[in-house]
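Everything below belongs to query_16.cif, which stores mmCIF, C-alpha atoms.
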data_query
loop_
_atom_site.group_PDB
_atom_site.id
_atom_site.type_symbol
_atom_site.label_atom_id
_atom_site.label_comp_id
_atom_site.auth_asym_id
_atom_site.auth_seq_id
_atom_site.Cartn_x
_atom_site.Cartn_y
_atom_site.Cartn_z
ATOM 1 C CA MET A 1 52.413 35.579 18.997
ATOM 2 C CA LEU A 2 54.484 32.465 19.739
ATOM 3 C CA PRO A 3 52.519 31.507 22.918
ATOM 4 C CA CYS A 4 49.274 31.712 20.960
ATOM 5 C CA VAL A 5 50.603 29.385 18.292
ATOM 6 C CA CYS A 6 51.696 26.901 20.933
ATOM 7 C CA TRP A 7 48.224 27.016 22.498
ATOM 8 C CA LEU A 8 46.490 26.378 19.160
ATOM 9 C CA GLN A 9 48.732 23.517 18.109
ATOM 10 C CA PRO A 10 47.015 20.822 20.246
ATOM 11 C CA LEU A 11 43.624 21.881 18.907
ATOM 12 C CA LEU A 12 44.846 21.669 15.328
ATOM 13 C CA VAL A 13 46.246 18.203 15.948
ATOM 14 C CA LEU A 14 42.961 17.062 17.501
ATOM 15 C CA LEU A 15 40.948 18.531 14.617
ATOM 16 C CA SER A 16 43.136 16.862 11.991
ATOM 17 C CA SER A 17 42.851 13.497 13.752
ATOM 18 C CA VAL A 18 39.039 13.799 13.838
ATOM 19 C CA LEU A 19 38.910 14.663 10.162
ATOM 20 C CA ARG A 20 41.249 11.804 9.342
ATOM 21 C CA ALA A 21 39.046 9.377 11.307
ATOM 22 C CA GLN A 22 35.957 10.600 9.475
ATOM 23 C CA GLY A 23 37.631 10.109 6.135
ATOM 24 C CA GLU A 24 38.740 6.623 7.053
ATOM 25 C CA ASN A 25 35.196 5.574 8.115
ATOM 26 C CA CYS A 26 33.519 7.101 5.084
ATOM 27 C CA PRO A 27 32.621 4.586 2.324
ATOM 28 C CA ALA A 28 34.616 4.845 -0.875
ATOM 29 C CA SER A 29 33.185 7.263 -3.461
ATOM 30 C CA CYS A 30 30.874 8.803 -0.820
ATOM 31 C CA LEU A 31 31.042 12.039 1.131
ATOM 32 C CA CYS A 32 30.730 12.430 4.902
ATOM 33 C CA PRO A 33 30.161 16.133 5.620
ATOM 34 C CA ASP A 34 29.707 15.420 9.341
ATOM 35 C CA PRO A 35 30.291 12.437 11.650
ATOM 36 C CA HIS A 36 26.722 11.170 11.331
ATOM 37 C CA THR A 37 25.964 11.782 7.643
ATOM 38 C CA VAL A 38 26.908 9.595 4.685
ATOM 39 C CA ASP A 39 26.139 11.061 1.269
ATOM 40 C CA CYS A 40 26.379 8.580 -1.628
ATOM 41 C CA SER A 41 23.926 10.385 -3.926
ATOM 42 C CA GLY A 42 24.496 10.206 -7.668
ATOM 43 C CA ARG A 43 27.489 7.877 -7.517
ATOM 44 C CA GLY A 44 26.223 5.305 -10.011
ATOM 45 C CA LEU A 45 26.009 2.618 -7.314
ATOM 46 C CA ILE A 46 24.491 -0.739 -8.280
ATOM 47 C CA ARG A 47 24.398 -1.980 -4.688
ATOM 48 C CA LEU A 48 24.533 -0.578 -1.188
ATOM 49 C CA PRO A 49 27.992 0.693 -0.202
ATOM 50 C CA ASP A 50 30.211 -1.228 2.184
ATOM 51 C CA GLU A 51 31.569 -0.052 5.515
ATOM 52 C CA ILE A 52 28.849 2.427 6.377
ATOM 53 C CA PRO A 53 29.555 3.775 9.890
ATOM 54 C CA LEU A 54 27.352 2.092 12.475
ATOM 55 C CA ASP A 55 26.439 5.418 14.083
ATOM 56 C CA VAL A 56 25.135 6.962 10.832
ATOM 57 C CA ARG A 57 21.991 9.018 11.247
ATOM 58 C CA ARG A 58 21.504 10.422 7.750
ATOM 59 C CA LEU A 59 22.063 8.074 4.808
ATOM 60 C CA LEU A 60 21.649 9.614 1.348
ATOM 61 C CA LEU A 61 21.526 7.089 -1.510
ATOM 62 C CA SER A 62 19.381 8.867 -4.104
ATOM 63 C CA ASP A 63 20.009 8.921 -7.867
ATOM 64 C CA ASN A 64 21.744 5.545 -8.137
ATOM 65 C CA TRP A 65 20.898 2.120 -9.639
ATOM 66 C CA ILE A 66 20.394 0.140 -6.430
ATOM 67 C CA PRO A 67 17.909 -2.725 -7.181
ATOM 68 C CA ARG A 68 17.254 -4.105 -3.694
ATOM 69 C CA ILE A 69 17.741 -3.676 0.041
ATOM 70 C CA PRO A 70 18.881 -6.778 1.962
ATOM 71 C CA SER A 71 16.343 -7.704 4.619
ATOM 72 C CA ASP A 72 18.978 -7.444 7.349
ATOM 73 C CA PHE A 73 20.567 -4.214 6.123
ATOM 74 C CA LEU A 74 19.185 -1.911 8.810
ATOM 75 C CA VAL A 75 19.666 -4.242 11.760
ATOM 76 C CA LEU A 76 22.998 -2.657 12.728
ATOM 77 C CA TYR A 77 22.002 0.970 12.106
ATOM 78 C CA SER A 78 19.877 1.629 15.151
ATOM 79 C CA ASP A 79 20.616 5.384 15.112
ATOM 80 C CA LEU A 80 19.398 5.935 11.550
ATOM 81 C CA VAL A 81 16.699 8.617 11.372
ATOM 82 C CA TYR A 82 16.880 9.761 7.717
ATOM 83 C CA LEU A 83 17.040 7.386 4.730
ATOM 84 C CA ASP A 84 16.839 8.670 1.152
ATOM 85 C CA LEU A 85 16.577 5.978 -1.566
ATOM 86 C CA ARG A 86 14.847 8.172 -4.128
ATOM 87 C CA ASN A 87 15.383 7.526 -7.834
ATOM 88 C CA ASN A 88 16.897 4.049 -7.735
ATOM 89 C CA SER A 89 15.809 0.708 -9.245
ATOM 90 C CA LEU A 90 13.982 -0.804 -6.279
ATOM 91 C CA SER A 91 11.148 -3.090 -7.388
ATOM 92 C CA HIS A 92 10.282 -4.730 -4.077
ATOM 93 C CA ILE A 93 10.731 -4.167 -0.362
ATOM 94 C CA GLU A 94 10.731 -7.378 1.632
ATOM 95 C CA PRO A 95 8.368 -7.322 4.630
ATOM 96 C CA GLY A 96 10.298 -6.681 7.815
ATOM 97 C CA THR A 97 13.216 -4.916 6.117
ATOM 98 C CA LEU A 98 12.322 -1.590 7.714
ATOM 99 C CA SER A 99 10.803 -2.921 10.927
ATOM 100 C CA THR A 100 14.153 -2.776 12.742
ATOM 101 C CA SER A 101 14.492 0.981 12.150
ATOM 102 C CA SER A 102 12.853 2.045 15.383
ATOM 103 C CA ARG A 103 14.195 5.612 15.152
ATOM 104 C CA LEU A 104 13.583 6.216 11.453
ATOM 105 C CA VAL A 105 11.760 9.509 10.957
ATOM 106 C CA PHE A 106 12.102 10.162 7.215
ATOM 107 C CA LEU A 107 11.978 7.577 4.414
ATOM 108 C CA ASP A 108 12.009 8.368 0.699
ATOM 109 C CA LEU A 109 11.281 5.484 -1.719
ATOM 110 C CA GLY A 110 9.958 7.711 -4.491
ATOM 111 C CA SER A 111 10.858 7.436 -8.177
ATOM 112 C CA ASN A 112 11.645 3.717 -8.083
ATOM 113 C CA ASN A 113 10.076 0.656 -9.740
ATOM 114 C CA LEU A 114 7.967 -0.576 -6.837
ATOM 115 C CA THR A 115 4.932 -2.623 -7.904
ATOM 116 C CA ASP A 116 3.126 -3.182 -4.609
ATOM 117 C CA ILE A 117 3.275 -2.358 -0.898
ATOM 118 C CA PRO A 118 2.347 -5.540 0.980
ATOM 119 C CA SER A 119 1.254 -5.856 4.574
ATOM 120 C CA GLY A 120 4.105 -5.615 7.057
ATOM 121 C CA THR A 121 6.447 -3.673 4.773
ATOM 122 C CA PHE A 122 7.167 -1.052 7.431
ATOM 123 C CA GLY A 123 6.721 -3.262 10.477
ATOM 124 C CA GLN A 124 6.132 -1.188 13.570
ATOM 125 C CA SER A 125 8.121 1.918 12.606
ATOM 126 C CA ARG A 126 6.317 4.049 15.151
ATOM 127 C CA SER A 127 8.765 6.966 14.830
ATOM 128 C CA LEU A 128 8.249 7.414 11.086
ATOM 129 C CA ILE A 129 6.832 10.868 10.367
ATOM 130 C CA LYS A 130 7.251 11.312 6.608
ATOM 131 C CA LEU A 131 6.969 8.570 3.977
ATOM 132 C CA ARG A 132 7.476 9.228 0.264
ATOM 133 C CA LEU A 133 6.215 6.604 -2.195
ATOM 134 C CA GLY A 134 5.333 8.828 -5.146
ATOM 135 C CA ASN A 135 6.443 8.576 -8.777
ATOM 136 C CA ASN A 136 6.586 4.779 -8.871
ATOM 137 C CA PRO A 137 5.024 4.208 -12.315
ATOM 138 C CA TYR A 138 4.323 0.496 -11.705
ATOM 139 C CA LEU A 139 2.918 0.780 -8.175
ATOM 140 C CA SER A 140 -0.659 -0.491 -8.611
ATOM 141 C CA MET A 141 -1.409 -2.215 -5.299
ATOM 142 C CA VAL A 142 -1.231 -1.027 -1.692
ATOM 143 C CA ASN A 143 -2.391 -3.523 0.915
ATOM 144 C CA GLU A 144 -4.966 -2.308 3.412
ATOM 145 C CA ASP A 145 -2.526 -3.065 6.262
ATOM 146 C CA ALA A 146 0.555 -1.699 4.486
ATOM 147 C CA PHE A 147 0.844 1.220 6.931
ATOM 148 C CA LEU A 148 -0.378 -0.588 10.040
ATOM 149 C CA GLY A 149 1.528 0.531 13.112
ATOM 150 C CA LEU A 150 2.756 3.858 11.704
ATOM 151 C CA THR A 151 1.108 5.768 14.519
ATOM 152 C CA SER A 152 3.327 8.867 14.156
ATOM 153 C CA LEU A 153 3.093 9.198 10.362
ATOM 154 C CA ARG A 154 2.063 12.746 9.410
ATOM 155 C CA GLU A 155 2.881 12.961 5.704
ATOM 156 C CA LEU A 156 2.216 10.240 3.143
ATOM 157 C CA GLU A 157 2.997 10.706 -0.548
ATOM 158 C CA LEU A 158 1.397 8.333 -3.078
ATOM 159 C CA GLU A 159 1.141 10.703 -6.021
ATOM 160 C CA ARG A 160 1.763 9.814 -9.670
ATOM 161 C CA ASN A 161 1.709 6.038 -9.283
ATOM 162 C CA ALA A 162 -0.445 3.429 -11.059
ATOM 163 C CA LEU A 163 -3.187 3.195 -8.428
ATOM 164 C CA SER A 164 -6.722 2.756 -9.772
ATOM 165 C CA GLY A 165 -8.143 2.034 -6.320
ATOM 166 C CA LEU A 166 -7.179 2.052 -2.659
ATOM 167 C CA GLN A 167 -8.885 0.504 0.345
ATOM 168 C CA VAL A 168 -9.842 3.290 2.707
ATOM 169 C CA GLY A 169 -8.539 1.319 5.680
ATOM 170 C CA ALA A 170 -4.990 1.994 4.520
ATOM 171 C CA LEU A 171 -5.530 5.687 5.357
ATOM 172 C CA SER A 172 -8.088 5.607 8.155
ATOM 173 C CA GLN A 173 -5.742 3.672 10.451
ATOM 174 C CA LEU A 174 -3.173 6.513 10.488
ATOM 175 C CA PRO A 175 -4.172 8.607 13.529
ATOM 176 C CA SER A 176 -1.485 11.295 13.077
ATOM 177 C CA LEU A 177 -1.898 11.813 9.331
ATOM 178 C CA ARG A 178 -1.912 15.482 8.356
ATOM 179 C CA VAL A 179 -0.973 15.462 4.663
ATOM 180 C CA VAL A 180 -1.647 12.860 1.976
ATOM 181 C CA ARG A 181 -0.874 13.204 -1.733
ATOM 182 C CA LEU A 182 -2.873 11.061 -4.157
ATOM 183 C CA GLU A 183 -2.970 13.147 -7.333
ATOM 184 C CA GLY A 184 -1.775 11.854 -10.683
ATOM 185 C CA ASN A 185 -3.032 8.277 -10.274
ATOM 186 C CA PRO A 186 -5.381 6.567 -12.783
ATOM 187 C CA TRP A 187 -8.271 6.386 -10.313
ATOM 188 C CA VAL A 188 -11.473 4.701 -11.537
ATOM 189 C CA CYS A 189 -14.708 6.048 -10.063
ATOM 190 C CA ASN A 190 -16.525 2.740 -9.722
ATOM 191 C CA CYS A 191 -18.197 1.192 -6.683
ATOM 192 C CA ASN A 192 -14.814 0.160 -5.280
ATOM 193 C CA PHE A 193 -13.888 3.849 -5.152
ATOM 194 C CA ALA A 194 -17.020 4.909 -3.228
ATOM 195 C CA ASN A 195 -15.615 4.479 0.286
ATOM 196 C CA LEU A 196 -12.346 6.205 -0.613
ATOM 197 C CA PHE A 197 -14.287 9.101 -2.137
ATOM 198 C CA ALA A 198 -16.284 9.526 1.073
ATOM 199 C CA TRP A 199 -13.047 9.569 3.103
ATOM 200 C CA LEU A 200 -11.442 12.114 0.756
ATOM 201 C CA GLU A 201 -14.427 14.424 1.020
ATOM 202 C CA GLU A 202 -14.335 14.211 4.800
ATOM 203 C CA ASN A 203 -10.558 14.729 4.920
ATOM 204 C CA SER A 204 -10.126 17.161 2.032
ATOM 205 C CA HIS A 205 -8.123 19.460 4.337
ATOM 206 C CA LYS A 206 -5.349 16.843 4.286
ATOM 207 C CA LEU A 207 -5.023 17.065 0.501
ATOM 208 C CA PRO A 208 -2.584 19.805 -0.618
ATOM 209 C CA ASN A 209 -4.899 20.834 -3.492
ATOM 210 C CA GLY A 210 -8.176 19.550 -2.069
ATOM 211 C CA VAL A 211 -10.367 17.124 -4.008
ATOM 212 C CA GLU A 212 -10.075 19.509 -6.978
ATOM 213 C CA GLY A 213 -6.520 18.289 -7.530
ATOM 214 C CA ILE A 214 -7.547 14.630 -8.002
ATOM 215 C CA GLU A 215 -9.149 13.199 -11.134
ATOM 216 C CA CYS A 216 -10.724 9.844 -11.882
ATOM 217 C CA SER A 217 -12.114 8.131 -14.966
ATOM 218 C CA LEU A 218 -15.791 7.234 -15.277
ATOM 219 C CA PRO A 219 -16.299 3.477 -15.758
ATOM 220 C CA MET A 220 -18.784 3.888 -18.611
ATOM 221 C CA ASP A 221 -16.865 6.044 -21.071
ATOM 222 C CA GLY A 222 -13.452 6.542 -19.434
ATOM 223 C CA ARG A 223 -13.908 10.303 -19.309
ATOM 224 C CA GLN A 224 -11.653 12.082 -16.800
ATOM 225 C CA VAL A 225 -13.420 14.235 -14.222
ATOM 226 C CA SER A 226 -12.309 16.089 -11.143
ATOM 227 C CA LEU A 227 -13.534 14.700 -7.832
ATOM 228 C CA SER A 228 -14.975 18.145 -7.151
ATOM 229 C CA GLN A 229 -17.585 17.387 -9.844
ATOM 230 C CA LEU A 230 -18.788 14.286 -8.000
ATOM 231 C CA SER A 231 -20.854 13.782 -4.868
ATOM 232 C CA GLN A 232 -22.168 10.947 -2.747
ATOM 233 C CA ASP A 233 -25.140 10.743 -5.136
ATOM 234 C CA SER A 234 -22.715 9.750 -7.898
ATOM 235 C CA PHE A 235 -22.282 6.423 -6.090
ATOM 236 C CA ARG A 236 -25.934 5.946 -5.133
ATOM 237 C CA GLU A 237 -26.242 2.795 -7.235
ATOM 238 C CA CYS A 238 -23.461 1.237 -5.170
ATOM 239 C CA GLN A 239 -25.403 1.654 -1.932
ATOM 240 C CA ILE A 240 -27.802 -1.310 -1.939
ATOM 241 C CA THR A 241 -30.036 -1.313 1.145
ATOM 242 C CA LEU A 242 -32.806 -3.840 1.744
ATOM 243 C CA THR A 243 -35.887 -3.073 3.813
ATOM 244 C CA LEU A 244 -37.633 -5.628 6.053
ATOM 245 C CA THR A 245 -40.271 -6.110 3.365
ATOM 246 C CA ASP A 246 -37.565 -6.842 0.776
ATOM 247 C CA LEU A 247 -35.982 -9.415 3.063
ATOM 248 C CA LEU A 248 -39.352 -11.103 3.748
ATOM 249 C CA ILE A 249 -40.081 -11.262 0.017
ATOM 250 C CA ILE A 250 -36.680 -12.843 -0.653
ATOM 251 C CA ILE A 251 -37.166 -15.373 2.153
ATOM 252 C CA PHE A 252 -40.729 -16.199 1.065
ATOM 253 C CA SER A 253 -39.635 -16.553 -2.542
ATOM 254 C CA GLY A 254 -36.878 -18.946 -1.537
ATOM 255 C CA ILE A 255 -39.272 -21.050 0.548
ATOM 256 C CA SER A 256 -41.868 -21.085 -2.234
ATOM 257 C CA VAL A 257 -39.321 -22.216 -4.808
ATOM 258 C CA SER A 258 -38.156 -24.969 -2.484
ATOM 259 C CA VAL A 259 -41.740 -26.183 -1.853
ATOM 260 C CA VAL A 260 -42.563 -26.161 -5.562
ATOM 261 C CA ALA A 261 -39.383 -28.106 -6.314
ATOM 262 C CA ILE A 262 -40.242 -30.730 -3.667
ATOM 263 C CA MET A 263 -43.821 -31.088 -4.913
ATOM 264 C CA THR A 264 -42.674 -31.372 -8.508
ATOM 265 C CA SER A 265 -40.146 -34.060 -7.601
ATOM 266 C CA PHE A 266 -42.830 -35.993 -5.642
ATOM 267 C CA PHE A 267 -45.281 -35.719 -8.528
ATOM 268 C CA LEU A 268 -42.725 -36.948 -11.061
ATOM 269 C CA ALA A 269 -41.717 -39.823 -8.796
ATOM 270 C CA SER A 270 -45.363 -40.827 -8.368
ATOM 271 C CA MET A 271 -45.923 -40.709 -12.124
ATOM 272 C CA VAL A 272 -42.896 -42.912 -12.741
ATOM 273 C CA HIS A 273 -44.035 -45.412 -10.091
ATOM 274 C CA CYS A 274 -47.567 -45.582 -11.530
ATOM 275 C CA PHE A 275 -46.182 -46.012 -15.032
ATOM 276 C CA GLN A 276 -43.985 -48.877 -13.894
ATOM 277 C CA ARG A 277 -46.912 -50.623 -12.155
ATOM 278 C CA THR A 278 -49.150 -50.149 -15.191
ATOM 279 C CA SER A 279 -46.461 -51.589 -17.435
ATOM 280 C CA LYS A 280 -46.076 -54.654 -15.223
ATOM 281 C CA THR A 281 -49.862 -55.213 -15.099
ATOM 282 C CA SER A 282 -50.213 -54.943 -18.884
ATOM 283 C CA LYS A 283 -47.365 -57.361 -19.402
ATOM 284 C CA GLY A 284 -48.964 -59.909 -17.045
ATOM 285 C CA ASP A 285 -52.317 -59.704 -18.785
ATOM 286 C CA GLU A 286 -50.663 -60.301 -22.159
ATOM 287 C CA GLU A 287 -48.906 -63.432 -20.861
ATOM 288 C CA GLU A 288 -52.186 -64.890 -19.472
ATOM 289 C CA SER A 289 -53.930 -64.264 -22.816
ATOM 290 C CA GLU A 290 -51.221 -66.157 -24.703
ATOM 291 C CA GLU A 291 -51.542 -69.180 -22.388
#

File written out as structure tokens:
Amino acid sequence: MLPCVCWLQPLLVLLSSVLRAQGENCPASCLCPDPHTVDCSGRGLIRLPDEIPLDVRRLLLSDNWIPRIPSDFLVLYSDLVYLDLRNNSLSHIEPGTLSTSSRLVFLDLGSNNLTDIPSGTFGQSRSLIKLRLGNNPYLSMVNEDAFLGLTSLRELELERNALSGLQVGALSQLPSLRVVRLEGNPWVCNCNFANLFAWLEENSHKLPNGVEGIECSLPMDGRQVSLSQLSQDSFRECQITLTLTDLLIIIFSGISVSVVAIMTSFFLASMVHCFQRTSKTSKGDEEESEE
């Protein structure tokens, strides 16, 4: 028994030193269940923790009160692949903040106070596979180039936000997209929605509940209807096409109006000139009569 204990003693010393090193590198009030994971979820944080290990791969910061991410925060964490910022107080993400995370695969910004997603927010995060942006009650604007460069993105969540419209280019430029969630937004089925509706019909297999799971309000009476009750004919009035005859009529009408305007101006100018000459002649005759 004694030789076995002697053999195990070096291993126990090594294990205790590793655990001690992990504890020393772990931010205060956070947990580090393994050397590459930092779990600061639900700690009541009002800012990002200090002394996060540089080799962190999974950073869990959900359920706190963090209001912003410094633009240079991720510069040093080149190994980060998983970032969870769900349920915080983020209202804005500065463009370029996430562009340095070249290995980031999972990003959760759901349940925050984001208002818009401008162009360049995610830079060229080509490794990003899953992006969660749902449950932001004030998120009403997503730029058409907000997701430009996310060539590996497979899952995009935009459900239960404040989106009434979305430019279809924001989705069509994602070549690897497999799942997109858009339900629970106050969509308005006007002419601005026509292109997005066509894309959703064509890509209904990417919607977890199909087009049946998405509703929009009619612009005339505000009545909520499922997209499954609509068709391309519902947006027929938005598709204005002009034939060659229509174009010729418009051109001819414009030319005719211009000609009439020129002739009218010439006629009025001639009338004024004649009136002035007549007035001068009458005045001269009156002066001769008085002499």

Within 10 Å of A:Arg47, counting only C-alpha atoms, which residues show up once you throw out same-chain ones fewer than 3 positions away? Write them as a PyMOL selection string, please. chain A and resi 44+50+64-70

Write out, as a PDB file, in the frame of the given file, the residues just selected, with C-alpha atoms.
ATOM      1  CA  GLY A  44      26.223   5.305 -10.011  1.00  0.00           C
ATOM      2  CA  ASP A  50      30.211  -1.228   2.184  1.00  0.00           C
ATOM      3  CA  ASN A  64      21.744   5.545  -8.137  1.00  0.00           C
ATOM      4  CA  TRP A  65      20.898   2.120  -9.639  1.00  0.00           C
ATOM      5  CA  ILE A  66      20.394   0.140  -6.430  1.00  0.00           C
ATOM      6  CA  PRO A  67      17.909  -2.725  -7.181  1.00  0.00           C
ATOM      7  CA  ARG A  68      17.254  -4.105  -3.694  1.00  0.00           C
ATOM      8  CA  ILE A  69      17.741  -3.676   0.041  1.00  0.00           C
ATOM      9  CA  PRO A  70      18.881  -6.778   1.962  1.00  0.00           C
TER      10      PRO A  70
END

Resolved residues for the PyMOL selection byres ((chain A and resi 140) around 8) as an MDAnalysis selection string: chainID A and resid 115:116 138:139 141:142 161:164

Which residue out of A:Arg86, A:Arg236, A:Arg181, A:His36 has the minimum interatomic distance to A:Leu61 when all atoms listed in the file are used? A:Arg86

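Atom pair atom CA of A:Cys40 / atom CA of A:Leu59: separated by 7.8 Å.
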
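Taking atom CA of A:Leu131 and atom CA of A:Pro95 as the two end points, the separation is 16.0 Å.
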
Applying the PyMOL selection byres ((chain A and resi 155) around 9) to the file I just gave you, which residues come out? Please list them as a PyMOL selection string. chain A and resi 129-132+153-154+156-157+176-181

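Residues matched by the PyMOL selection byres ((chain A and resi 136) around 6) in this structure: Ser111, Asn112, Asn113, Leu114, Gly134, Asn135, Pro137, Tyr138, Leu139 and Asn161 of chain A.
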
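Proximity to A:Pro118 was assessed for A:Leu182, A:Asn209, A:Ala170, A:Leu150 counting all atoms listed in the file; the smallest distance is recorded for A:Ala170.
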
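Distances from A:Leu171, A:Leu196, A:Leu227, A:Leu158 to A:Gly184 were compared using all atoms listed in the file, and the smallest one belongs to A:Leu158.
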
What separates atom CA of A:Asp63 and atom CA of A:Ile93 is a distance of 17.7 Å

Would you mind listing what lies within 12 Å of A:Leu200 as an NGL selection string, with only C-alpha atoms counted and same-chain residues fewer than 3 positions away left out? :A and (166-168 or 171-172 or 179-183 or 193-197 or 203-214 or 227-228 or 230-232)

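In terms of minimum interatomic distance to A:Ile46, A:Asn88 ranks closest within A:Gln229, A:Asn88, A:Ser78, A:Thr121, counting all atoms listed in the file.
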
Which polymer residues have any atom within 7 Å of an atom of A:Cys216, counting all atoms listed in the file, with same-chain residues fewer than 4 positions away left out, as an NGL selection string? :A and (186-189 or 224-227)

Can you list, as number ranges by chain, every protein, DNA or RNA residue that comes within 9 Å of A:Asp79 when you count all atoms listed in the file, leaving out same-chain residues fewer than 3 positions away? A: 54-58, 76, 101-104

With all atoms listed in the file as the basis for distance, which of A:Val81, A:Ile117, A:Met271, A:Leu74 is at the shortest distance from A:Thr97? A:Leu74

Smallest atom-to-atom distance to A:Thr151: which of A:Cys26, A:Leu60, A:Cys274, A:Leu174, using all atoms listed in the file? A:Leu174

Give me the box for stretch 133-150 of chain A as AutoDock Vina command-line options, namely the centre and edge lengths in Å to one decimal of a box along x, y and z that holds every listed atom plus 3 Å on each side.
--center_x 0.8 --center_y 2.7 --center_z 0.4 --size_x 17.6 --size_y 18.4 --size_z 31.4
